[in-house]
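Structure first, then comments.
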Amino acid sequence: MNSITEIPPRLSRVIERLITGVATSDGAGVKLTRVLTGKLQQRLDPFLMLDAFGSDNPDDYIAGFPDHPHRGFETVTYMLSGRMRHRDSAGHEGLLESGGVQWMTAGRGVIHSELPEQQDGVMEGFQLWLNLPAERKMCEPWYRDFPDAALPEYVTGGGVTVRVIAGSSNGVAGAVSRERTEPLYLDVHLPAGATFSTALAKTHNAFIYVYRGAVQVGDTQVEAGRMGILSNTGDGVTMTTSVAARLILIAGKPLNQPIVQHGPFVMNTQQEIHQALDDFNNGRFA
Ligand code: FE
């Protein structure tokens with residue numbers, strides 16, 4: 001793989017706020033950390049949720065997420081380590097394995113299950129919820145698996161490896177693009193002593209979540225297990241590290257539309273939530 005030369009921003013965004021996730025459990029008892037909670041949905045529009053999971057204790061993950069519905073947004077699951085089987089009512093099925101991404105557009109509604117296909121070992125990864133614009137909330141469900149080897153990746157001259165899950169970074173286009181929300185989703189691996197820069201559209205809300213080591217953005221150190229919300233001033237971000245570090249960097253164009261969430265349904269009005277519940281209870285999901 002050829003190394004690429006980064007274009008540093010004229011002005012790097014800084015860390016506006018550090019967030020510690022909240023320990024919770026979901027599905028049939030999967031232990032996870034909710035990093036992006038409901039309180040941050042306006043600030044980080046178009047993102048609705050980010051969960052980080054990671055455990056080598058099967059009791060924390062083995063029950064998985066049996067059949068449950070979604071409507072009105074997209075779910076993006078990135079598996080760092082582990083195996084999980086997806087099945088949904090739109091007829092899609094896939095096995096998500098280490099290094100792979102599953103992108104599901106729930107649209108007007110799917111019922112799906114996400115169940116571990118491992119008895120032991122480490123399961124680690126992230127699930128991000130990306131909102132759909134009002135006019136796309138009732139679109140046809142869509143689903144795709146991107147195995148490890150199918151994800152575009154680049155290495156900088158400084159030895160930083162970047163996996164481009166969505167959007168584009170330093171001229172490298174990712175696996176997925178979305179017109180309205182223009183999501184950028186990078187997994188960045190920095191060796192000790194490295195610097196990394198990427199451009200960010202000025203209009204886009206952005207954050208990082210560090211999952212190994214620590215990085216420095218401006219004057220702020222972001223440790224593993226912390227989310228750093230990036231300020232909206234600047235045309236990109238530059239980060240440095242003295243230790244080996246890994247993080248995800250996520251950015252997107254805000255929708256600026258009302259967000260009404262009821263569990264796994266995210267719509268624009270209370271009326272649409274009532275409709276979602278009625279449709280689900282009467283078997284009108286796909
Ligand atoms: Fe789900």
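Within each chain, counting starts at residue 1; across the structure tokens, chains are named A, B, ... in the order shown, with ligands numbered 1 upward in that order.
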
- What do you get as a ChimeraX atom specification if you pick all residues at most 10 Å from ligand 1, counting only C-alpha atoms and all ligand atoms? /A:26-27,65-70,74-77,86,88,104,106,110-114,127,129,264

- Can you list, as number ranges by chain, all residues belonging to range 134-250 of chain A that DSSP tags as strand (DSSP E or B)? A: 142-146, 153-156, 161-166, 168-169, 172-173, 176, 184-190, 195-199, 205-212, 214-217, 220-223, 226-230, 236-240, 245-250

- Which residue out of A:Glu124, A:Glu6, A:Glu16, A:Asp278 has the minimum interatomic distance to Gly54 in chain A when only C-alpha atoms are used? A:Glu124

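You will find CA of Arg178 in chain A at 8.3 Å from CA of Ala166 in chain A.
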
Contacts of Leu40 in chain A within 9 Å, only C-alpha atoms, excl. fewer than 6 positions in-chain, as a short mmCIF file (atom, residue, chain, number, x, y, z; two decimals) with C-alpha atoms, in the first residue's frame:
data_model
loop_
_atom_site.label_atom_id
_atom_site.label_comp_id
_atom_site.auth_asym_id
_atom_site.auth_seq_id
_atom_site.Cartn_x
_atom_site.Cartn_y
_atom_site.Cartn_z
CA PHE A 47 -25.92 11.05 15.43
CA LEU A 48 -28.38 9.60 17.91
CA MET A 49 -26.37 7.08 19.89
#

- Message: With distances taken over only C-alpha atoms, which residue among A:Trp142, A:Val217, A:Thr181, A:Arg108 lies nearest Ile273 in chain A?
- Response: A:Arg108

Kindly assemble as JSON lines a list of the range 146-221 of chain A residues that lie within 8 Å of range 238-248 of chain A, each paired with its nearest atom pair and their distance in Å to one decimal, using only C-alpha atoms, sorted first by chain and then by ascending residue number.
{"residue": "A:Tyr185", "atom": "CA", "partner": "A:Ile248", "partner_atom": "CA", "distance": 7.0}
{"residue": "A:Leu186", "atom": "CA", "partner": "A:Ile248", "partner_atom": "CA", "distance": 5.5}
{"residue": "A:Asp187", "atom": "CA", "partner": "A:Ile248", "partner_atom": "CA", "distance": 4.5}
{"residue": "A:Val188", "atom": "CA", "partner": "A:Leu247", "partner_atom": "CA", "distance": 5.4}
{"residue": "A:His189", "atom": "CA", "partner": "A:Arg246", "partner_atom": "CA", "distance": 4.5}
{"residue": "A:Leu190", "atom": "CA", "partner": "A:Ala245", "partner_atom": "CA", "distance": 5.2}
{"residue": "A:Pro191", "atom": "CA", "partner": "A:Ala244", "partner_atom": "CA", "distance": 4.4}
{"residue": "A:Ala192", "atom": "CA", "partner": "A:Val243", "partner_atom": "CA", "distance": 4.0}
{"residue": "A:Gly193", "atom": "CA", "partner": "A:Ser242", "partner_atom": "CA", "distance": 4.4}
{"residue": "A:Ala194", "atom": "CA", "partner": "A:Thr241", "partner_atom": "CA", "distance": 5.7}
{"residue": "A:Thr195", "atom": "CA", "partner": "A:Thr240", "partner_atom": "CA", "distance": 4.3}
{"residue": "A:Phe196", "atom": "CA", "partner": "A:Met239", "partner_atom": "CA", "distance": 5.4}
{"residue": "A:Ser197", "atom": "CA", "partner": "A:Thr238", "partner_atom": "CA", "distance": 4.3}
{"residue": "A:Thr198", "atom": "CA", "partner": "A:Thr238", "partner_atom": "CA", "distance": 6.8}
{"residue": "A:Ile208", "atom": "CA", "partner": "A:Ile248", "partner_atom": "CA", "distance": 5.6}
{"residue": "A:Tyr209", "atom": "CA", "partner": "A:Ile248", "partner_atom": "CA", "distance": 5.3}
{"residue": "A:Val210", "atom": "CA", "partner": "A:Leu247", "partner_atom": "CA", "distance": 4.1}
{"residue": "A:Tyr211", "atom": "CA", "partner": "A:Leu247", "partner_atom": "CA", "distance": 5.4}
{"residue": "A:Arg212", "atom": "CA", "partner": "A:Arg246", "partner_atom": "CA", "distance": 4.9}
{"residue": "A:Gly213", "atom": "CA", "partner": "A:Ala245", "partner_atom": "CA", "distance": 4.3}
{"residue": "A:Ala214", "atom": "CA", "partner": "A:Ala245", "partner_atom": "CA", "distance": 5.6}
{"residue": "A:Val215", "atom": "CA", "partner": "A:Thr241", "partner_atom": "CA", "distance": 4.7}
{"residue": "A:Gln216", "atom": "CA", "partner": "A:Thr240", "partner_atom": "CA", "distance": 5.2}
{"residue": "A:Val217", "atom": "CA", "partner": "A:Met239", "partner_atom": "CA", "distance": 4.8}
{"residue": "A:Gly218", "atom": "CA", "partner": "A:Met239", "partner_atom": "CA", "distance": 7.4}

- Task: Determine, counting only C-alpha atoms, which protein, DNA and RNA residues have an atom within 7 Å of an atom of Asn232 in chain A; residues of the same chain fewer than 2 positions away are not included. Present the result as a ChimeraX atom specification.
- Result: /A:13,202,205,230,234

- range 93-256 of chain A: residues DSSP assigns to helix (DSSP H, G or I), reported as a VMD selection string: chain A and resid 134 to 136 148 to 150

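For the set A:Asp235, A:Lys137, A:Ser177, A:Met79, the residue with the smallest atom-to-atom gap to Ile7 in chain A is A:Asp235, counting only C-alpha atoms.
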
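We find CA of Gly99 in chain A and CA of Tyr78 in chain A to be spaced 7.1 Å apart.
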
- Query: Do you have the CA of Thr161 in chain A-CA of Thr105 in chain A distance handy?
  - Reply: 27.9 Å

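Among the candidates A:Gly91, A:Val122, A:Glu272, A:Ala199, the one nearest to Val237 in chain A when counting only C-alpha atoms is A:Ala199.
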
- So which one's closest to Pro116 in chain A, A:Tyr61, A:Tyr143, A:Trp103, A:Phe53? Using only C-alpha atoms, please. A:Tyr61

- Message: Env of Pro258 in chain A: 9 Å cut, atoms = only C-alpha atoms, seq-sep filter 4 positions within chain, self excluded. Answer as a ChimeraX atom specification.
- Response: /A:267-269

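With only C-alpha atoms as the atoms that count, the residue of A:Gln102, A:Thr233, A:Gln118, A:Asn170 with the shortest distance to Arg83 in chain A is A:Gln118.
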